[in-house]
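Enquirer: Sending over my_file-v7.txt (compact mmCIF, C-alpha atoms and all ligand atoms).
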# COMPACT_ATOMS: atom_id res chain seq x y z
CA MET A 1 18.99 -10.34 9.30
CA GLU A 2 19.37 -6.78 8.09
CA LYS A 3 15.82 -5.91 9.11
CA ASP A 4 16.44 -6.63 12.80
CA ALA A 5 16.18 -3.51 14.95
CA LYS A 6 19.55 -2.25 16.13
CA PHE A 7 18.22 0.27 18.62
CA CYS A 8 15.59 0.09 21.33
CA PRO A 9 12.30 1.58 20.02
CA TYR A 10 11.52 2.81 23.56
CA CYS A 11 14.76 4.47 24.71
CA GLY A 12 16.95 4.52 21.57
CA LYS A 13 19.94 2.70 23.11
CA PRO A 14 21.73 -0.04 21.10
CA LEU A 15 20.06 -3.45 21.48
CA GLY A 16 21.74 -6.58 22.75
CA LYS A 17 20.54 -10.14 22.19
CA ILE A 18 18.88 -12.63 24.49
CA PHE A 19 17.92 -16.27 23.92
CA ILE A 20 14.39 -16.56 25.26
CA GLU A 21 11.37 -18.74 24.40
CA GLY A 22 13.42 -20.74 21.92
CA LYS A 23 14.74 -17.85 19.79
CA TRP A 24 17.37 -15.12 19.77
CA ARG A 25 15.62 -11.82 20.31
CA GLY A 26 16.54 -8.18 20.80
CA PHE A 27 17.07 -7.10 24.39
CA CYS A 28 17.41 -3.61 25.86
CA GLU A 29 19.51 -3.63 29.03
CA SER A 30 18.56 -0.06 29.80
CA CYS A 31 14.78 -0.83 29.78
CA ASN A 32 15.31 -4.45 30.90
CA ARG A 33 12.93 -5.38 28.12
CA VAL A 34 12.80 -8.04 25.40
CA ILE A 35 12.12 -6.49 21.98
CA TYR A 36 9.91 -8.99 20.14
CA ASP A 37 9.86 -8.85 16.35
CA ASN A 38 6.11 -9.33 15.98
CA PRO A 39 4.47 -9.76 12.58
CA VAL A 40 3.06 -6.71 10.86
CA PRO A 41 -0.59 -7.31 9.88
CA VAL A 42 -1.92 -6.71 6.37
CA VAL A 43 -5.45 -7.35 5.07
CA ALA A 44 -6.26 -8.62 1.58
CA GLY A 45 -9.66 -9.14 -0.07
CA VAL A 46 -10.60 -11.78 -2.65
CA ILE A 47 -13.49 -10.68 -4.87
CA ILE A 48 -14.62 -13.35 -7.33
CA LYS A 49 -17.10 -12.96 -10.19
CA LYS A 50 -17.82 -16.24 -11.99
CA ASN A 51 -14.32 -17.54 -12.82
CA GLU A 52 -12.61 -14.16 -12.45
CA VAL A 53 -10.85 -12.45 -9.56
CA LEU A 54 -10.45 -8.71 -9.03
CA LEU A 55 -6.85 -7.48 -9.07
CA VAL A 56 -5.34 -4.03 -8.73
CA LYS A 57 -2.18 -2.76 -10.40
CA ARG A 58 0.24 -1.40 -7.84
CA GLY A 59 1.20 2.24 -8.30
CA ILE A 60 3.76 2.23 -5.49
CA GLN A 61 6.77 0.22 -4.36
CA PRO A 62 7.32 -2.50 -3.44
CA LYS A 63 6.39 -4.36 -6.63
CA LYS A 64 5.17 -1.26 -8.45
CA GLY A 65 3.47 -2.21 -11.74
CA TYR A 66 2.58 -5.74 -10.56
CA TRP A 67 -0.99 -6.93 -10.10
CA ALA A 68 -2.17 -7.94 -6.63
CA LEU A 69 -5.28 -8.44 -4.56
CA PRO A 70 -6.61 -5.22 -3.04
CA ALA A 71 -4.67 -5.10 0.22
CA GLY A 72 -3.00 -2.85 2.73
CA PHE A 73 -1.57 -2.39 6.18
CA ILE A 74 -3.86 -2.12 9.15
CA ASP A 75 -3.74 1.40 10.56
CA ILE A 76 -3.24 2.26 14.21
CA TYR A 77 -6.31 1.31 16.33
CA GLU A 78 -8.12 -0.11 13.26
CA SER A 79 -9.66 -3.60 13.24
CA ALA A 80 -8.79 -5.97 10.38
CA GLU A 81 -12.38 -5.66 9.12
CA GLU A 82 -12.25 -1.85 9.14
CA ALA A 83 -8.94 -1.95 7.27
CA LEU A 84 -10.40 -4.37 4.69
CA ILE A 85 -13.41 -2.15 3.98
CA ARG A 86 -11.26 1.00 3.85
CA GLU A 87 -8.53 -0.45 1.63
CA ILE A 88 -10.94 -1.96 -0.89
CA GLU A 89 -12.88 1.29 -1.15
CA GLU A 90 -9.65 3.31 -1.54
CA GLU A 91 -8.19 1.04 -4.22
CA THR A 92 -11.32 0.03 -6.17
CA SER A 93 -14.10 2.35 -4.86
CA LEU A 94 -16.27 -0.75 -4.22
CA LYS A 95 -18.26 -0.81 -0.99
CA ILE A 96 -18.02 -4.12 0.85
CA LYS A 97 -21.36 -5.37 2.21
CA GLU A 98 -20.62 -8.97 3.24
CA TYR A 99 -17.39 -10.82 3.79
CA ARG A 100 -16.03 -13.82 5.62
CA PHE A 101 -12.69 -14.71 7.05
CA LEU A 102 -10.62 -16.79 4.65
CA SER A 103 -7.18 -17.57 6.06
CA THR A 104 -3.99 -16.04 7.35
CA ILE A 105 -0.51 -16.48 5.91
CA ASN A 106 2.63 -15.40 7.73
CA GLN A 107 5.62 -14.83 5.49
CA LYS A 108 8.82 -12.88 5.12
CA GLY A 109 8.15 -9.38 3.90
CA MET A 110 10.25 -7.03 1.87
CA ARG A 111 10.41 -4.40 4.59
CA TYR A 112 9.57 -6.49 7.65
CA ASN A 113 10.87 -9.83 8.84
CA SER A 114 7.37 -11.19 9.27
CA VAL A 115 4.12 -10.07 7.62
CA LEU A 116 0.79 -11.58 8.64
CA ILE A 117 -1.58 -11.47 5.66
CA ILE A 118 -5.20 -11.72 6.84
CA GLY A 119 -7.29 -12.83 3.89
CA PHE A 120 -11.04 -12.25 3.53
CA PHE A 121 -13.47 -13.54 0.95
CA ILE A 122 -15.85 -10.80 -0.21
CA GLU A 123 -19.35 -12.20 -0.67
CA LYS A 124 -21.26 -9.03 -1.50
CA TYR A 125 -20.25 -5.57 -2.69
CA GLU A 126 -21.72 -2.52 -4.38
CA GLY A 127 -20.49 0.12 -6.77
CA GLU A 128 -18.46 0.57 -9.92
CA ILE A 129 -14.76 -0.20 -10.08
CA ILE A 130 -12.69 2.98 -10.13
CA PRO A 131 -9.00 2.52 -9.27
CA GLY A 132 -7.64 4.92 -6.69
CA ASP A 133 -5.07 5.59 -3.99
CA ASP A 134 -2.15 3.14 -4.42
CA ALA A 135 -3.84 1.35 -7.36
CA VAL A 136 -3.39 2.67 -10.91
CA ASP A 137 -5.74 0.10 -12.45
CA ALA A 138 -8.30 -2.46 -11.24
CA LYS A 139 -9.98 -5.22 -13.23
CA PHE A 140 -11.13 -8.82 -13.19
CA PHE A 141 -8.78 -11.57 -14.45
CA ASN A 142 -9.57 -15.17 -15.36
CA MET A 143 -8.33 -17.21 -12.39
CA GLU A 144 -6.78 -19.79 -14.74
CA LYS A 145 -4.72 -17.09 -16.51
CA LEU A 146 -3.46 -14.86 -13.74
CA PRO A 147 -0.71 -12.33 -14.46
CA ASP A 148 2.46 -12.38 -12.33
CA LEU A 149 1.25 -11.35 -8.89
CA ALA A 150 3.26 -9.11 -6.56
CA PHE A 151 3.07 -11.51 -3.60
CA SER A 152 3.04 -15.32 -3.47
CA SER A 153 0.55 -15.20 -0.58
CA HIS A 154 -2.05 -13.75 -2.96
CA TYR A 155 -1.97 -16.89 -5.14
CA GLN A 156 -2.58 -18.92 -2.00
CA LEU A 157 -5.53 -16.75 -0.95
CA ILE A 158 -7.08 -17.02 -4.42
CA ASP A 159 -6.71 -20.81 -4.20
CA PHE A 160 -8.37 -20.87 -0.77
CA ALA A 161 -11.22 -18.74 -2.11
CA LYS A 162 -11.74 -21.02 -5.14
CA LYS A 163 -12.23 -23.96 -2.76
CA LEU A 164 -15.03 -22.08 -0.99
CA LYS A 165 -17.01 -21.61 -4.18
ZN ZN B 1 15.32 0.60 25.87
Would you kindly transcribe this structure into structure tokens?
Ligand SMILES: [Zn+2]
Expert:
Amino acid sequence: MEKDAKFCPYCGKPLGKIFIEGKWRGFCESCNRVIYDNPVPVVAGVIIKKNEVLLVKRGIQPKKGYWALPAGFIDIYESAEEALIREIEEETSLKIKEYRFLSTINQKGMRYNSVLIIGFFIEKYEGEIIPGDDAVDAKFFNMEKLPDLAFSSHYQLIDFAKKLK
């Protein structure tokens, strides 16, 4: 598990291991503290128009050049809803007016052991699509003919959203 922390994030000393609550976890003897490897939360929005879903083309790594749902990490002290509205506006310039919780998916990430993807279904939005920030393009794709998506969780979220319609 190359992504496991080797040093204590609080005091910087090398971490040991402890078997607690059914799993091996990092342990700092100096702080007498278990270092939990909690999931890193990400929000993603599913915007559907008739039989099409809005995707953005990633301008940054990981998976640069792949299409994906508009998505991003939650910033410090931000709620998931605030992150959703901010990320979609940054990447597509659309303003989200109504949304509902869709589902969460927890999976292995490329940079983190565990990423919690919090999916929302966007029911109402305003504005014209203009790609920005980490997105180099943004457009609607037929849901039956999706391009290769950057993340498998995004196929799952699109499937969940289709069932709502
Ligand atoms: Zn420590």
Enquirer: Write out as JSON, numbers by chain the residues lying within 12 Å of segment 18-22 of chain A, counting all atoms listed in the file and excluding same-chain residues fewer than 3 positions away.
Expert: {"A": [15, 25, 26, 27, 28, 29, 32, 33, 34, 35, 36]}
Enquirer: Any residue with an atom at most 7 Å from ligand ZN 1 (chain B) counts, using all atoms listed in the file. Which are they? Put them as number ranges by chain.
Expert: A: 8-13, 28-31, 33
Enquirer: Point out the residue among A:Val56, A:Val46, A:Val40, A:Leu164 with the least atom-to-atom distance to Leu149 of chain A, counting only C-alpha atoms.
Expert: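 When distances to Leu149 of chain A are compared using only C-alpha atoms, the smallest one comes from A:Val56.
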Enquirer: Could you check the closest approach to Phe121 of chain A for each of A:Pro70, A:Gly65, A:Gly109, A:Pro39 and tell me which residue wins, using all atoms listed in the file?
Expert: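 Checking each of A:Pro70, A:Gly65, A:Gly109, A:Pro39 against Phe121 of chain A, counting all atoms listed in the file, the winner is A:Pro70.
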Enquirer: For Phe120 of chain A, which residue out of A:His154, A:Lys95, A:Lys57, A:Lys108 is the nearest one, using all atoms listed in the file?
Expert: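 Selected residue with least distance to Phe120 of chain A: A:His154.
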Enquirer: What gap, in Å, lies between atom CA of Ile88 of chain A and atom CA of Asn106 of chain A?
Expert: 21.0 Å
Enquirer: Could you tell me how far atom CA of Asp134 of chain A lies from atom CA of Pro62 of chain A, in Å and to one decimal?
Expert: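 Value for the atom CA of Asp134 of chain A-atom CA of Pro62 of chain A distance: 11.1 Å.
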Enquirer: Tell me, in Å to one decimal, how far atom CA of Glu90 of chain A is from atom CA of Glu52 of chain A.
Expert: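 Computed distance, atom CA of Glu90 of chain A to atom CA of Glu52 of chain A, equals 20.8 Å.
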Enquirer: My list of candidates is A:Glu82, A:Asp137, A:Glu89, A:Glu128. Which is closest to Ile60 of chain A when distances are computed with all atoms listed in the file?
Expert: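 Checking each candidate against Ile60 of chain A, we get A:Asp137 as the closest.
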Enquirer: Could you check which of A:Asp133, A:Glu144, A:Glu123, A:Glu78 is closest to Lys49 of chain A, using all atoms listed in the file?
Expert: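 Closest candidate: A:Glu123.
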Enquirer: For Glu87 of chain A, find every residue with an atom within 8 Å (counting only C-alpha atoms), except residues of its own chain fewer than 3 positions away, and show them as a PyMOL selection string.
Expert: chain A and resi 70-72+83-84+90-91
Enquirer: Taking all atoms listed in the file into account, name the residue in A:Ala161, A:Leu54, A:Val42, A:Ala138 that is nearest to Glu81 of chain A.
Expert: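 Nearest candidate to Glu81 of chain A out of A:Ala161, A:Leu54, A:Val42, A:Ala138: A:Val42.
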